[in-house]
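A.B. asks: To start, I am sharing the structure in question, which I have written as structure tokens.
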Amino acid sequence: MNTQLVVELTVFALAVFLGFELISKVPTMLHTPLMSGTNAIHGIVLIGAMLIVGTADSTLEKAFGFVAVVFGTINIVGGFLVTDRMLEMFKQRQPDQDEADRKP
Amino acid sequence: MSRTWIDFAYLVAAICLVLGIKRLSHPRTARSGNWIAAVGMAIAVGFTFAIKEIDTYWLMLAGILVGTVVGVASARMVRMTAIPQMVALFNGVGGGAAALIAAAEFHRLAPESGALDTDHLVGILFSALVGSVSFWGSLVAFGKLQDLVPGRPIVFPAQNLINAVLGLTLLGAIALTATTEDGLWLGVLMVGAVVLGVLFVLPIGGADMPVVISLLNAFTGLAAASTGFVLDNTALIIGGTLVGASGTLLTIKMGQAMGRPLRQTLFGAFGAAPAGAAVAAAAVDGDGSVRTASTDDIAFMLAYARRVVFVPGYGLAVAQAQHDVRNLGELLEGKGVDVRYAIHPVAGRMPGHMNVLLAEANVPYDELFEMEQINPEFPQTDVVVVVGANDVVNPAARNQPGNPIYGMPILDVDKAHNVVVIKRSLSPGFAGVDNPLFYDPKTVMLFDDAKAALEKLIGSLKAV
């Protein structure tokens, strides 16, 4: 056990609670876009893939790192774009949603 | 650039991600939330280039270029109805990336004795296992949604024995990787994870795929967070953990919206499926005949009804018939019929699918009714027109314990006086179970593509 690990565990524990709190109230019709949006966010593994491929010494590390960079980028770029396409469809529903909010 | 500034940039990125998720959970702010999260991601990735340990850039840039081209092309070209399986694929590659990172880092650290301390080893094992499971599970989910793999729950004989052997193999591989620090055993672990991922998703029915994808999404988040522990990178820990936690809660909420506890979704097929098939078969045997009618007869029935409720489903989405259903509805209103639309929360292949389609066709908002509002109204409804929906109106969910979809809340259309089902064939729906509604004496089947059928009905109605 070292200080760095404790700091990382602290960040982890707080992020767990924050993640739960953030979506405590979400309407059903946003379930799919929210899933897709958070799906794009775990594309942050790209950072890890960049670190691997940027510091790789052996061919195997380079190969794995390269594929991981491609995968991570697809995850991010595709994820955010497809979420935006989904949410674009809700645009026309904005006035309706206001109406729904006013209803008891 | 010093590491401090990079870590500061990661903090800014993390705040963007948090705000993004927060805004994504409200209808009015969802779209901007998605972009705020994307900006956060761009900051995190951009500042990673400045980390001074990185000495080769060309391979990284090439990978990002390839990934961007593939990502943009697939997100732009995918049809709206195929978006859920696209999300499954994007999720899968994220999990695959986490597993590859773990394997590469193991390869780098393992040869130097003592370089691999316990916390990094635990992180590597977790990312490798969970990332691979997510990758392969997502591929099977994609296959099911794309009809490459049968959508019905698939169960094998001796499945429990296979699962037990698999579990022991995985545990053994974990123990041996940790003690021998030999890459061979990490390889065994990752191959075992392939089998686990496939066996995990195969027994789950197609209708439950959105929930499964959401769960695998949470898995990938945790695998990503775990690579953060391996590489000592806080941005990875925060980003991954946020998705792991919110994804888990979202999975539970989706299950609740479908009226299916997670345990039933994931393990419901074990033992229950054969019984369900028998029950469904019995229901069909009871009265194997279906009634059909001409569009003229149906148009006549609609024209003289006091209240007509339309129930749109996936068939409407596939046929792009939302404008036709609105035209038919307006025509009926012109004849003094009380027209309503009943929206099941999970009709179509993603929650909210039908709201979106009907909104696009400018169906008045006050004619859209949620399941809870409309269900008490069906006994006073003269005609229900089911347009390409199946599982969400299957009475077996209400009265056949043991049926795979038993317990899912449905639209009680069988309580209306008459039911018209527009459907291309009698084939079972997404969940792979038969629908007794089609054999109900008060049901009339109209076998046709949703768009063609509605156009014919409009033609017939104008002649009435």
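Within each chain, counting starts at residue 1; across the structure tokens, chains are named A, B, ... in the order shown, with ligands numbered 1 upward in that order.
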So that I can check the surroundings of Phe156 in chain B, please list as a PDB file with C-alpha atoms, in the first residue's frame every protein, DNA and RNA residue that reaches within 10 Å of it, counting only C-alpha atoms and ignoring chain neighbours fewer than 5 positions away.
C.D. replies:
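And here's out09.pdb as it stands now:
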```
ATOM      1  CA  ILE B 162     -19.843 -25.916 -18.640  1.00  0.00           C
ATOM      2  CA  LEU B 199     -22.102 -17.821 -22.799  1.00  0.00           C
ATOM      3  CA  LEU B 202     -26.423 -16.191 -25.621  1.00  0.00           C
ATOM      4  CA  PRO B 203     -29.095 -17.356 -23.126  1.00  0.00           C
ATOM      5  CA  PHE B 270     -31.984 -21.095 -17.263  1.00  0.00           C
TER       6      PHE B 270
END
```
A.B. asks: List every residue of range 74-104 of chain B that has an atom at most 10 Å from any atom of range 73-77 of chain A, giving for each one its closest atom pair and the distance in Å to one decimal, counting only C-alpha atoms, sorted by chain and then by ascending residue number, as a Markdown table.
C.D. replies:
```
| residue | atom | partner | partner_atom | distance |
| --- | --- | --- | --- | --- |
| B:Ser74 | CA | A:Ile74 | CA | 9.0 |
| B:Ala75 | CA | A:Val77 | CA | 8.3 |
| B:Val87 | CA | A:Asn75 | CA | 8.9 |
| B:Leu89 | CA | A:Asn75 | CA | 8.4 |
| B:Phe90 | CA | A:Asn75 | CA | 4.7 |
| B:Asn91 | CA | A:Asn75 | CA | 6.5 |
| B:Gly92 | CA | A:Asn75 | CA | 8.3 |
| B:Val93 | CA | A:Asn75 | CA | 6.3 |
| B:Gly94 | CA | A:Asn75 | CA | 5.6 |
| B:Gly95 | CA | A:Asn75 | CA | 9.3 |
| B:Ala97 | CA | A:Asn75 | CA | 9.3 |
```
A.B. asks: Those selected residues, please, written with C-alpha atoms and delivered as a tab-separated table (two decimals), in the first residue's frame.
C.D. replies:
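Dumped to part34.tsv:
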```
chain	number	residue	atom	x	y	z
B	74	SER	CA	-20.30	4.02	-38.93
B	75	ALA	CA	-22.08	6.61	-36.78
B	87	VAL	CA	-23.96	1.19	-29.50
B	89	LEU	CA	-20.26	-2.41	-31.07
B	90	PHE	CA	-18.87	0.90	-29.80
B	91	ASN	CA	-19.13	-0.49	-26.28
B	92	GLY	CA	-17.40	-3.71	-27.28
B	93	VAL	CA	-14.37	-2.02	-28.82
B	94	GLY	CA	-13.95	0.05	-25.64
B	95	GLY	CA	-13.80	-3.16	-23.61
B	97	ALA	CA	-9.12	-1.65	-25.80
```
A.B. asks: So that I can see what lies close to Asn217 in chain B, please list as a ChimeraX atom specification the residues with an atom at most 9 Å from it, counting only C-alpha atoms and leaving out residues fewer than 4 positions away in the same chain.
C.D. replies: /A:35-36,38-39,42 /B:88,91-92,94-95,134,138,212-213,221-222,243-244,247-248
A.B. asks: Name all residues at most 9 Å from range 54-64 of chain A (count only C-alpha atoms; drop same-chain ones fewer than 5 positions away) and give them as a ChimeraX atom specification.
C.D. replies: /A:49,69 /B:49,53-60,97,100-101,103-105,107-108
A.B. asks: Using only C-alpha atoms, please write the residues we just selected to a file, as a compact mmCIF listing (two decimals), in the first residue's frame.
C.D. replies:
```
# COMPACT_ATOMS: atom_id res chain seq x y z
CA ALA A 49 -3.89 3.10 -25.22
CA VAL A 69 -5.90 3.21 -29.93
CA PHE B 49 0.06 14.05 -26.09
CA GLU B 53 7.38 9.68 -21.30
CA ILE B 54 5.74 9.34 -24.72
CA ASP B 55 8.44 9.16 -27.39
CA THR B 56 6.74 7.71 -30.49
CA TYR B 57 3.83 9.55 -32.02
CA TRP B 58 3.32 8.23 -35.54
CA LEU B 59 1.71 4.94 -34.52
CA MET B 60 -0.60 6.76 -32.10
CA ALA B 97 -9.12 -1.65 -25.80
CA LEU B 100 -5.36 -5.01 -24.84
CA ILE B 101 -3.92 -2.27 -22.61
CA ALA B 103 -2.07 -7.39 -21.86
CA ALA B 104 0.51 -4.93 -23.24
CA GLU B 105 1.32 -3.52 -19.81
CA HIS B 107 4.09 -7.87 -21.23
CA ARG B 108 6.15 -4.76 -20.40
```
A.B. asks: Which polymer residues have any atom within 6 Å of an atom of Gly20 in chain B, counting only C-alpha atoms, with same-chain residues fewer than 5 positions away left out, as a count of residues only?
C.D. replies: 4
A.B. asks: Would you return as a PyMOL selection string the members of range 6-78 of chain A that DSSP assigns to alpha helix (DSSP H) on this structure's backbone?
C.D. replies: chain A and resi 6-22+31-41+45-54+59-78
A.B. asks: Could you state the separation of CA of Ala453 in chain B and CA of Leu411 in chain B in Å, given to one decimal place?
C.D. replies: 21.9 Å
A.B. asks: Find the spatial neighbours of Val26 in chain A, counting only C-alpha atoms, within a cut-off of 8 Å - ignore same-chain residues fewer than 3 positions away - and output them as a list in words.
C.D. replies: Ile23, Leu30 and His31 of chain A; Ser25 and His26 of chain B
A.B. asks: Could you save those same residues with N, CA and C atoms as a compact mmCIF listing (two decimals), in the first residue's frame?
C.D. replies:
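This is the output file again30.txt:
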```txt
# COMPACT_ATOMS: atom_id res chain seq x y z
N ILE A 23 -27.38 10.26 -12.12
CA ILE A 23 -28.52 9.86 -12.95
C ILE A 23 -29.66 9.32 -12.09
N LEU A 30 -35.01 8.90 -22.11
CA LEU A 30 -33.59 9.25 -22.22
C LEU A 30 -32.67 8.07 -21.88
N HIS A 31 -33.24 6.92 -21.53
CA HIS A 31 -32.40 5.79 -21.15
C HIS A 31 -31.39 5.43 -22.24
N SER B 25 -29.08 13.63 -18.58
CA SER B 25 -30.24 12.98 -17.94
C SER B 25 -31.45 13.90 -17.87
N HIS B 26 -31.41 15.05 -18.55
CA HIS B 26 -32.60 15.90 -18.65
C HIS B 26 -32.90 16.18 -20.12
```
A.B. asks: Mind pulling up the distance from CA of Lys253 in chain B to CA of Val78 in chain B?
C.D. replies: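 So the two atoms, CA of Val78 in chain B and CA of Lys253 in chain B, lie 26.7 Å apart.
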A.B. asks: So, with only C-alpha atoms as the atoms that count, which of B:Leu170, B:Met371, B:Ile204, B:Leu196 lies closest to Ile154 in chain B?
C.D. replies: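 Ranked by minimum distance to Ile154 in chain B, first place goes to B:Ile204.
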A.B. asks: When distances are computed from only C-alpha atoms, which of A:Thr3, A:Val70, A:Ala13, A:Pro27 shows the smallest separation from chain B?
C.D. replies: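 The closest residue to chain B is A:Val70.
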A.B. asks: In Å to one decimal, how far is CA of Ser214 in chain B from CA of Thr81 in chain B?
C.D. replies: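 Interatomic distance, CA of Thr81 in chain B to CA of Ser214 in chain B: 17.5 Å.
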A.B. asks: Among range 170-380 of chain B, which ones does DSSP place in strand (DSSP E), written as a PyMOL selection string?
C.D. replies: chain B and resi 291-292+307-312+338-343+368-370
A.B. asks: Those same residues - C-alpha atoms - I'd like them written as a short mmCIF file (atom, residue, chain, number, x, y, z; two decimals), in the first residue's frame.
C.D. replies:
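Full text of again.cif as output:
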```
data_model
loop_
_atom_site.label_atom_id
_atom_site.label_comp_id
_atom_site.auth_asym_id
_atom_site.auth_seq_id
_atom_site.Cartn_x
_atom_site.Cartn_y
_atom_site.Cartn_z
CA ARG B 291 -58.91 -14.48 -38.52
CA THR B 292 -58.03 -12.21 -41.39
CA ARG B 307 -62.66 5.28 -30.01
CA VAL B 308 -59.64 3.89 -31.88
CA VAL B 309 -56.24 3.39 -30.23
CA PHE B 310 -53.13 2.88 -32.36
CA VAL B 311 -50.28 0.85 -30.87
CA PRO B 312 -47.08 1.44 -32.85
CA ASP B 338 -61.71 9.62 -30.74
CA VAL B 339 -58.15 8.72 -31.84
CA ARG B 340 -55.34 7.96 -29.42
CA TYR B 341 -51.84 6.51 -29.61
CA ALA B 342 -50.62 4.12 -26.92
CA ILE B 343 -46.88 4.26 -26.33
CA LEU B 368 -49.93 10.21 -27.15
CA PHE B 369 -50.68 8.15 -24.06
CA GLU B 370 -48.20 6.37 -21.84
#
```
A.B. asks: Quick one: everything within 8 Å of Ala14 in chain B, counting only C-alpha atoms, minus sequence neighbours fewer than 3 positions away in the same chain. Send it as a PyMOL selection string.
C.D. replies: chain B and resi 10-11+17-18+40+235+238-239
A.B. asks: So, with only C-alpha atoms as the atoms that count, which of B:Gln264, B:Thr177, B:Thr29, B:Asn163 lies closest to chain A?
C.D. replies: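 Looking only at the distances to chain A, the closest residue turns out to be B:Thr29.
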